[in-house]
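structure_8.pdb, holding PDB, C-alpha atoms:
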```
ATOM      1  CA  MET A   1      64.205 -48.442 -71.762
ATOM      2  CA  PRO A   2      62.732 -50.455 -68.898
ATOM      3  CA  ASP A   3      63.505 -54.154 -68.773
ATOM      4  CA  THR A   4      60.938 -56.730 -69.826
ATOM      5  CA  ALA A   5      59.747 -57.431 -66.272
ATOM      6  CA  ASP A   6      59.086 -53.718 -65.768
ATOM      7  CA  LEU A   7      57.112 -53.515 -69.029
ATOM      8  CA  LEU A   8      54.899 -56.350 -67.780
ATOM      9  CA  ARG A   9      54.487 -54.787 -64.317
ATOM     10  CA  GLN A  10      53.603 -51.420 -65.866
ATOM     11  CA  ARG A  11      51.072 -53.176 -68.140
ATOM     12  CA  ARG A  12      52.829 -51.796 -71.238
ATOM     13  CA  ILE A  13      52.821 -55.387 -72.531
ATOM     14  CA  ASP A  14      50.353 -58.158 -71.739
ATOM     15  CA  ARG A  15      52.653 -61.152 -71.976
ATOM     16  CA  ILE A  16      56.177 -62.443 -72.099
ATOM     17  CA  ILE A  17      56.486 -65.389 -74.452
ATOM     18  CA  LEU A  18      59.575 -67.570 -74.356
ATOM     19  CA  THR A  19      60.290 -70.128 -77.031
ATOM     20  CA  ARG A  20      63.168 -72.071 -78.467
ATOM     21  CA  PRO A  21      63.482 -74.951 -80.860
ATOM     22  CA  ASN A  22      63.743 -78.160 -78.899
ATOM     23  CA  VAL A  23      66.689 -79.513 -80.840
ATOM     24  CA  PRO A  24      69.021 -81.506 -78.605
ATOM     25  CA  CYS A  25      72.722 -80.724 -78.888
ATOM     26  CA  GLY A  26      73.686 -84.372 -78.582
ATOM     27  CA  ARG A  27      72.087 -87.725 -78.044
ATOM     28  CA  SER A  28      68.434 -87.570 -77.098
ATOM     29  CA  LEU A  29      67.234 -88.522 -73.640
ATOM     30  CA  GLY A  30      64.044 -89.860 -75.170
ATOM     31  CA  PHE A  31      60.575 -88.565 -74.502
ATOM     32  CA  PHE A  32      60.195 -86.569 -71.317
ATOM     33  CA  PRO A  33      57.170 -87.422 -69.161
ATOM     34  CA  GLY A  34      54.641 -84.870 -67.956
ATOM     35  CA  THR A  35      52.670 -81.900 -69.211
ATOM     36  CA  LEU A  36      53.724 -79.791 -72.177
ATOM     37  CA  GLU A  37      55.228 -77.245 -69.751
ATOM     38  CA  GLU A  38      57.156 -79.969 -67.902
ATOM     39  CA  LYS A  39      58.485 -81.387 -71.177
ATOM     40  CA  PHE A  40      59.627 -77.930 -72.306
ATOM     41  CA  ALA A  41      61.138 -76.920 -68.944
ATOM     42  CA  PRO A  42      64.669 -78.291 -69.620
ATOM     43  CA  TRP A  43      64.920 -76.238 -72.831
ATOM     44  CA  ALA A  44      63.478 -73.096 -71.214
ATOM     45  CA  ALA A  45      65.589 -73.331 -68.031
ATOM     46  CA  PRO A  46      68.341 -70.891 -69.081
ATOM     47  CA  VAL A  47      65.805 -68.151 -69.837
ATOM     48  CA  THR A  48      63.353 -68.820 -67.020
ATOM     49  CA  GLY A  49      66.236 -68.869 -64.564
ATOM     50  CA  ALA A  50      67.192 -65.332 -65.573
ATOM     51  CA  ILE A  51      63.587 -64.099 -65.238
ATOM     52  CA  LYS A  52      63.187 -65.731 -61.815
ATOM     53  CA  GLU A  53      66.412 -64.071 -60.707
ATOM     54  CA  ARG A  54      65.037 -60.674 -61.783
ATOM     55  CA  ILE A  55      61.450 -60.842 -60.476
ATOM     56  CA  GLY A  56      61.619 -63.633 -57.897
ATOM     57  CA  GLN A  57      60.230 -67.159 -57.855
ATOM     58  CA  GLY A  58      56.841 -66.144 -56.387
ATOM     59  CA  ALA A  59      56.161 -63.424 -58.966
ATOM     60  CA  PHE A  60      57.303 -65.771 -61.736
ATOM     61  CA  ASP A  61      54.935 -68.527 -60.558
ATOM     62  CA  ILE A  62      51.982 -66.126 -60.359
ATOM     63  CA  ALA A  63      52.704 -64.629 -63.797
ATOM     64  CA  THR A  64      53.026 -68.109 -65.276
ATOM     65  CA  LYS A  65      49.738 -69.299 -63.713
ATOM     66  CA  ARG A  66      47.804 -66.313 -65.049
ATOM     67  CA  GLY A  67      49.354 -66.653 -68.531
ATOM     68  CA  ALA A  68      51.392 -63.432 -68.413
ATOM     69  CA  ILE A  69      54.555 -65.494 -68.885
ATOM     70  CA  GLU A  70      54.276 -68.332 -71.373
ATOM     71  CA  MET A  71      56.871 -70.945 -72.227
ATOM     72  CA  VAL A  72      55.877 -72.273 -75.629
ATOM     73  CA  PRO A  73      57.677 -75.105 -77.399
ATOM     74  CA  PHE A  74      58.606 -73.845 -80.847
ATOM     75  CA  GLU A  75      56.954 -76.803 -82.556
ATOM     76  CA  VAL A  76      53.486 -75.656 -81.397
ATOM     77  CA  MET A  77      53.821 -72.032 -82.575
ATOM     78  CA  ARG A  78      52.009 -72.501 -85.885
ATOM     79  CA  GLY A  79      48.600 -70.836 -85.896
ATOM     80  CA  ARG A  80      49.386 -68.461 -83.032
ATOM     81  CA  SER A  81      49.794 -64.705 -83.235
ATOM     82  CA  TRP A  82      50.674 -62.117 -80.632
ATOM     83  CA  ASP A  83      49.926 -58.491 -79.832
ATOM     84  CA  ASN A  84      51.228 -56.413 -76.907
ATOM     85  CA  ALA A  85      53.936 -58.906 -76.046
ATOM     86  CA  PHE A  86      57.638 -59.387 -75.546
ATOM     87  CA  ILE A  87      58.684 -62.509 -77.448
ATOM     88  CA  LEU A  88      62.058 -64.173 -77.085
ATOM     89  CA  LEU A  89      63.174 -66.806 -79.559
ATOM     90  CA  ASP A  90      66.253 -68.320 -77.938
ATOM     91  CA  GLU A  91      68.786 -70.531 -79.770
ATOM     92  CA  ALA A  92      67.430 -69.429 -83.164
ATOM     93  CA  GLN A  93      70.413 -70.965 -84.946
ATOM     94  CA  ASN A  94      68.523 -74.254 -84.567
ATOM     95  CA  THR A  95      65.503 -73.129 -86.605
ATOM     96  CA  THR A  96      65.119 -73.992 -90.269
ATOM     97  CA  PRO A  97      64.407 -71.239 -92.822
ATOM     98  CA  GLU A  98      60.761 -72.386 -92.929
ATOM     99  CA  GLU A  99      60.478 -72.266 -89.128
ATOM    100  CA  ILE A 100      61.928 -68.756 -88.807
ATOM    101  CA  GLU A 101      59.501 -67.593 -91.514
ATOM    102  CA  MET A 102      56.592 -69.149 -89.627
ATOM    103  CA  PHE A 103      57.760 -67.428 -86.413
ATOM    104  CA  LEU A 104      58.313 -63.974 -87.912
ATOM    105  CA  THR A 105      54.943 -63.974 -89.681
ATOM    106  CA  ARG A 106      53.133 -64.472 -86.326
ATOM    107  CA  VAL A 107      54.227 -61.122 -84.852
ATOM    108  CA  GLY A 108      51.385 -58.633 -84.315
ATOM    109  CA  GLU A 109      51.110 -55.035 -83.112
ATOM    110  CA  ASN A 110      53.059 -53.546 -80.186
ATOM    111  CA  CYS A 111      55.492 -56.440 -79.920
ATOM    112  CA  ILE A 112      59.119 -56.464 -78.994
ATOM    113  CA  VAL A 113      60.790 -59.480 -80.576
ATOM    114  CA  VAL A 114      64.263 -60.618 -79.613
ATOM    115  CA  ILE A 115      65.849 -63.414 -81.608
ATOM    116  CA  ASN A 116      69.193 -64.690 -80.423
ATOM    117  CA  GLY A 117      71.574 -67.414 -81.395
ATOM    118  CA  ASP A 118      75.045 -68.305 -82.562
ATOM    119  CA  ILE A 119      75.153 -69.605 -86.126
ATOM    120  CA  ALA A 120      78.511 -71.248 -85.379
ATOM    121  CA  GLN A 121      76.762 -73.446 -82.793
ATOM    122  CA  SER A 122      73.921 -74.714 -84.965
ATOM    123  CA  ASP A 123      72.968 -78.330 -84.321
ATOM    124  CA  LEU A 124      71.318 -78.622 -87.749
ATOM    125  CA  SER A 125      72.859 -80.324 -90.760
ATOM    126  CA  HIS A 126      71.343 -77.724 -93.118
ATOM    127  CA  THR A 127      70.937 -73.951 -93.389
ATOM    128  CA  SER A 128      69.990 -72.167 -90.193
ATOM    129  CA  GLY A 129      66.842 -70.048 -90.144
ATOM    130  CA  LEU A 130      68.775 -67.429 -88.181
ATOM    131  CA  ALA A 131      71.347 -67.207 -90.999
ATOM    132  CA  THR A 132      68.491 -66.895 -93.502
ATOM    133  CA  ALA A 133      66.828 -64.068 -91.530
ATOM    134  CA  LEU A 134      70.131 -62.199 -91.133
ATOM    135  CA  GLY A 135      70.752 -62.543 -94.869
ATOM    136  CA  LEU A 136      67.307 -61.092 -95.651
ATOM    137  CA  ILE A 137      67.864 -58.185 -93.252
ATOM    138  CA  ARG A 138      71.145 -57.319 -94.970
ATOM    139  CA  ARG A 139      70.136 -57.932 -98.618
ATOM    140  CA  ARG A 140      66.811 -56.112 -98.356
ATOM    141  CA  ASP A 141      68.067 -53.441 -95.948
ATOM    142  CA  LEU A 142      65.195 -54.195 -93.571
ATOM    143  CA  PRO A 143      64.809 -51.790 -90.623
ATOM    144  CA  VAL A 144      65.669 -54.456 -88.046
ATOM    145  CA  PRO A 145      68.430 -53.797 -85.525
ATOM    146  CA  VAL A 146      71.101 -56.492 -85.431
ATOM    147  CA  ILE A 147      73.582 -56.713 -82.583
ATOM    148  CA  GLU A 148      76.533 -58.987 -83.214
ATOM    149  CA  PHE A 149      78.912 -60.037 -80.484
ATOM    150  CA  GLY A 150      82.502 -61.034 -81.076
ATOM    151  CA  MET A 151      85.204 -62.890 -79.171
ATOM    152  CA  ASP A 152      85.897 -59.873 -76.959
ATOM    153  CA  ASP A 153      82.276 -59.890 -75.751
ATOM    154  CA  ILE A 154      82.477 -63.306 -74.053
ATOM    155  CA  VAL A 155      81.693 -62.770 -70.375
ATOM    156  CA  ARG A 156      80.847 -66.289 -69.199
ATOM    157  CA  SER A 157      84.429 -67.054 -68.189
ATOM    158  CA  GLY A 158      88.007 -66.995 -69.388
ATOM    159  CA  ILE A 159      87.832 -70.749 -69.918
ATOM    160  CA  CYS A 160      84.757 -70.338 -72.135
ATOM    161  CA  ALA A 161      86.529 -67.637 -74.186
ATOM    162  CA  MET A 162      89.583 -69.888 -74.572
ATOM    163  CA  TRP A 163      87.471 -72.764 -75.943
ATOM    164  CA  VAL A 164      85.405 -70.550 -78.253
ATOM    165  CA  ARG A 165      88.615 -69.173 -79.765
ATOM    166  CA  ALA A 166      90.157 -72.661 -80.082
ATOM    167  CA  PHE A 167      87.127 -74.073 -81.908
ATOM    168  CA  ALA A 168      86.826 -71.002 -84.153
ATOM    169  CA  GLU A 169      90.503 -71.264 -85.132
ATOM    170  CA  ALA A 170      90.161 -75.030 -85.733
ATOM    171  CA  ARG A 171      87.292 -74.379 -88.183
ATOM    172  CA  VAL A 172      89.548 -72.157 -90.279
ATOM    173  CA  GLU A 173      92.507 -74.564 -90.342
TER     174      GLU A 173
END
```

Written as structure tokens, how would this file's structure read?
Amino acid sequence: MPDTADLLRQRRIDRIILTRPNVPCGRSLGFFPGTLEEKFAPWAAPVTGAIKERIGQGAFDIATKRGAIEMVPFEVMRGRSWDNAFILLDEAQNTTPEEIEMFLTRVGENCIVVINGDIAQSDLSHTSGLATALGLIRRRDLPVPVIEFGMDDIVRSGICAMWVRAFAEARVE
């Protein structure tokens, strides 16, 4: 299957939509100044960086200006719907069950939806929407592919793998 940038270039999809809940993982830096896009930029940086690396800064800027690539703060998703799009919900472990329901009920025709997250790294004090969605997929045997990665799949670095293992073992102690 072609990658997302190729689908957009081949006009097999109209848009790439990137979103993630803007839940800080620590103390808040307060309100960011600027436009909605500028406020969302720090949360979207990991994903937009990967797209820029793939298609180049110039192509990314043009696609963003013409609306073919949208970075949408999760909190303004209500009321929207999409067709002919690739939609990425990043850091889904930080959605509530109500938020993941709102997100999943916005998906229209000819959409590819990727939801990623690590339930063990949720910054919420209550049930994660990602955990809720995974539970529904399993209990109702929904035809939704789920790819789960384990400790052996960590590719960031050996140091990262060491810390992930240490924290996972500490949770069981």

> If the PyMOL selection byres ((chain A and resi 13-18) around 10) is run on the structure shown, which residues does it catch, given as a PyMOL selection string?
Replying inline: chain A and resi 4-12+19-20+44+47-48+63-64+66-74+82-90+110-114

Since we have the selection now, will you write its residues out, keeping C-alpha atoms, as a short mmCIF file (atom, residue, chain, number, x, y, z; two decimals), in the frame of the given file?
```
data_model
loop_
_atom_site.label_atom_id
_atom_site.label_comp_id
_atom_site.auth_asym_id
_atom_site.auth_seq_id
_atom_site.Cartn_x
_atom_site.Cartn_y
_atom_site.Cartn_z
CA THR A 4 60.94 -56.73 -69.83
CA ALA A 5 59.75 -57.43 -66.27
CA ASP A 6 59.09 -53.72 -65.77
CA LEU A 7 57.11 -53.52 -69.03
CA LEU A 8 54.90 -56.35 -67.78
CA ARG A 9 54.49 -54.79 -64.32
CA GLN A 10 53.60 -51.42 -65.87
CA ARG A 11 51.07 -53.18 -68.14
CA ARG A 12 52.83 -51.80 -71.24
CA THR A 19 60.29 -70.13 -77.03
CA ARG A 20 63.17 -72.07 -78.47
CA ALA A 44 63.48 -73.10 -71.21
CA VAL A 47 65.81 -68.15 -69.84
CA THR A 48 63.35 -68.82 -67.02
CA ALA A 63 52.70 -64.63 -63.80
CA THR A 64 53.03 -68.11 -65.28
CA ARG A 66 47.80 -66.31 -65.05
CA GLY A 67 49.35 -66.65 -68.53
CA ALA A 68 51.39 -63.43 -68.41
CA ILE A 69 54.56 -65.49 -68.89
CA GLU A 70 54.28 -68.33 -71.37
CA MET A 71 56.87 -70.94 -72.23
CA VAL A 72 55.88 -72.27 -75.63
CA PRO A 73 57.68 -75.10 -77.40
CA PHE A 74 58.61 -73.84 -80.85
CA TRP A 82 50.67 -62.12 -80.63
CA ASP A 83 49.93 -58.49 -79.83
CA ASN A 84 51.23 -56.41 -76.91
CA ALA A 85 53.94 -58.91 -76.05
CA PHE A 86 57.64 -59.39 -75.55
CA ILE A 87 58.68 -62.51 -77.45
CA LEU A 88 62.06 -64.17 -77.08
CA LEU A 89 63.17 -66.81 -79.56
CA ASP A 90 66.25 -68.32 -77.94
CA ASN A 110 53.06 -53.55 -80.19
CA CYS A 111 55.49 -56.44 -79.92
CA ILE A 112 59.12 -56.46 -78.99
CA VAL A 113 60.79 -59.48 -80.58
CA VAL A 114 64.26 -60.62 -79.61
#
```

> Pick from A:Ile137, A:Met151, A:Val144, A:Met77: nearest to Trp163 of chain A, with all atoms listed in the file counted?
Replying inline: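 Closest to Trp163 of chain A of all the choices is A:Met151.
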
Box time for segment 75-83 of chain A: axis-aligned, enclosing all its listed atoms, 3 Å extra on each side; report centre and edge lengths in Å to one decimal, as AutoDock Vina command-line options.
```
--center_x 52.8 --center_y -67.6 --center_z -82.9 --size_x 14.4 --size_y 24.3 --size_z 12.1
```

> Separation of atom CA of Arg80 of chain A and atom CA of Glu99 of chain A, in Å?
Replying inline: 13.2 Å

> Written as a PyMOL selection string, which residues does the PyMOL selection byres ((chain A and resi 97) around 7) give for the file shown?
Replying inline: chain A and resi 95-96+98-101+128-129+132

> Could you tell me, as a PyMOL selection string, which residues have any atom at most 12 Å from (84.5, -75.3, -90.4), counting all atoms listed in the file?
Replying inline: chain A and resi 119-122+167-173
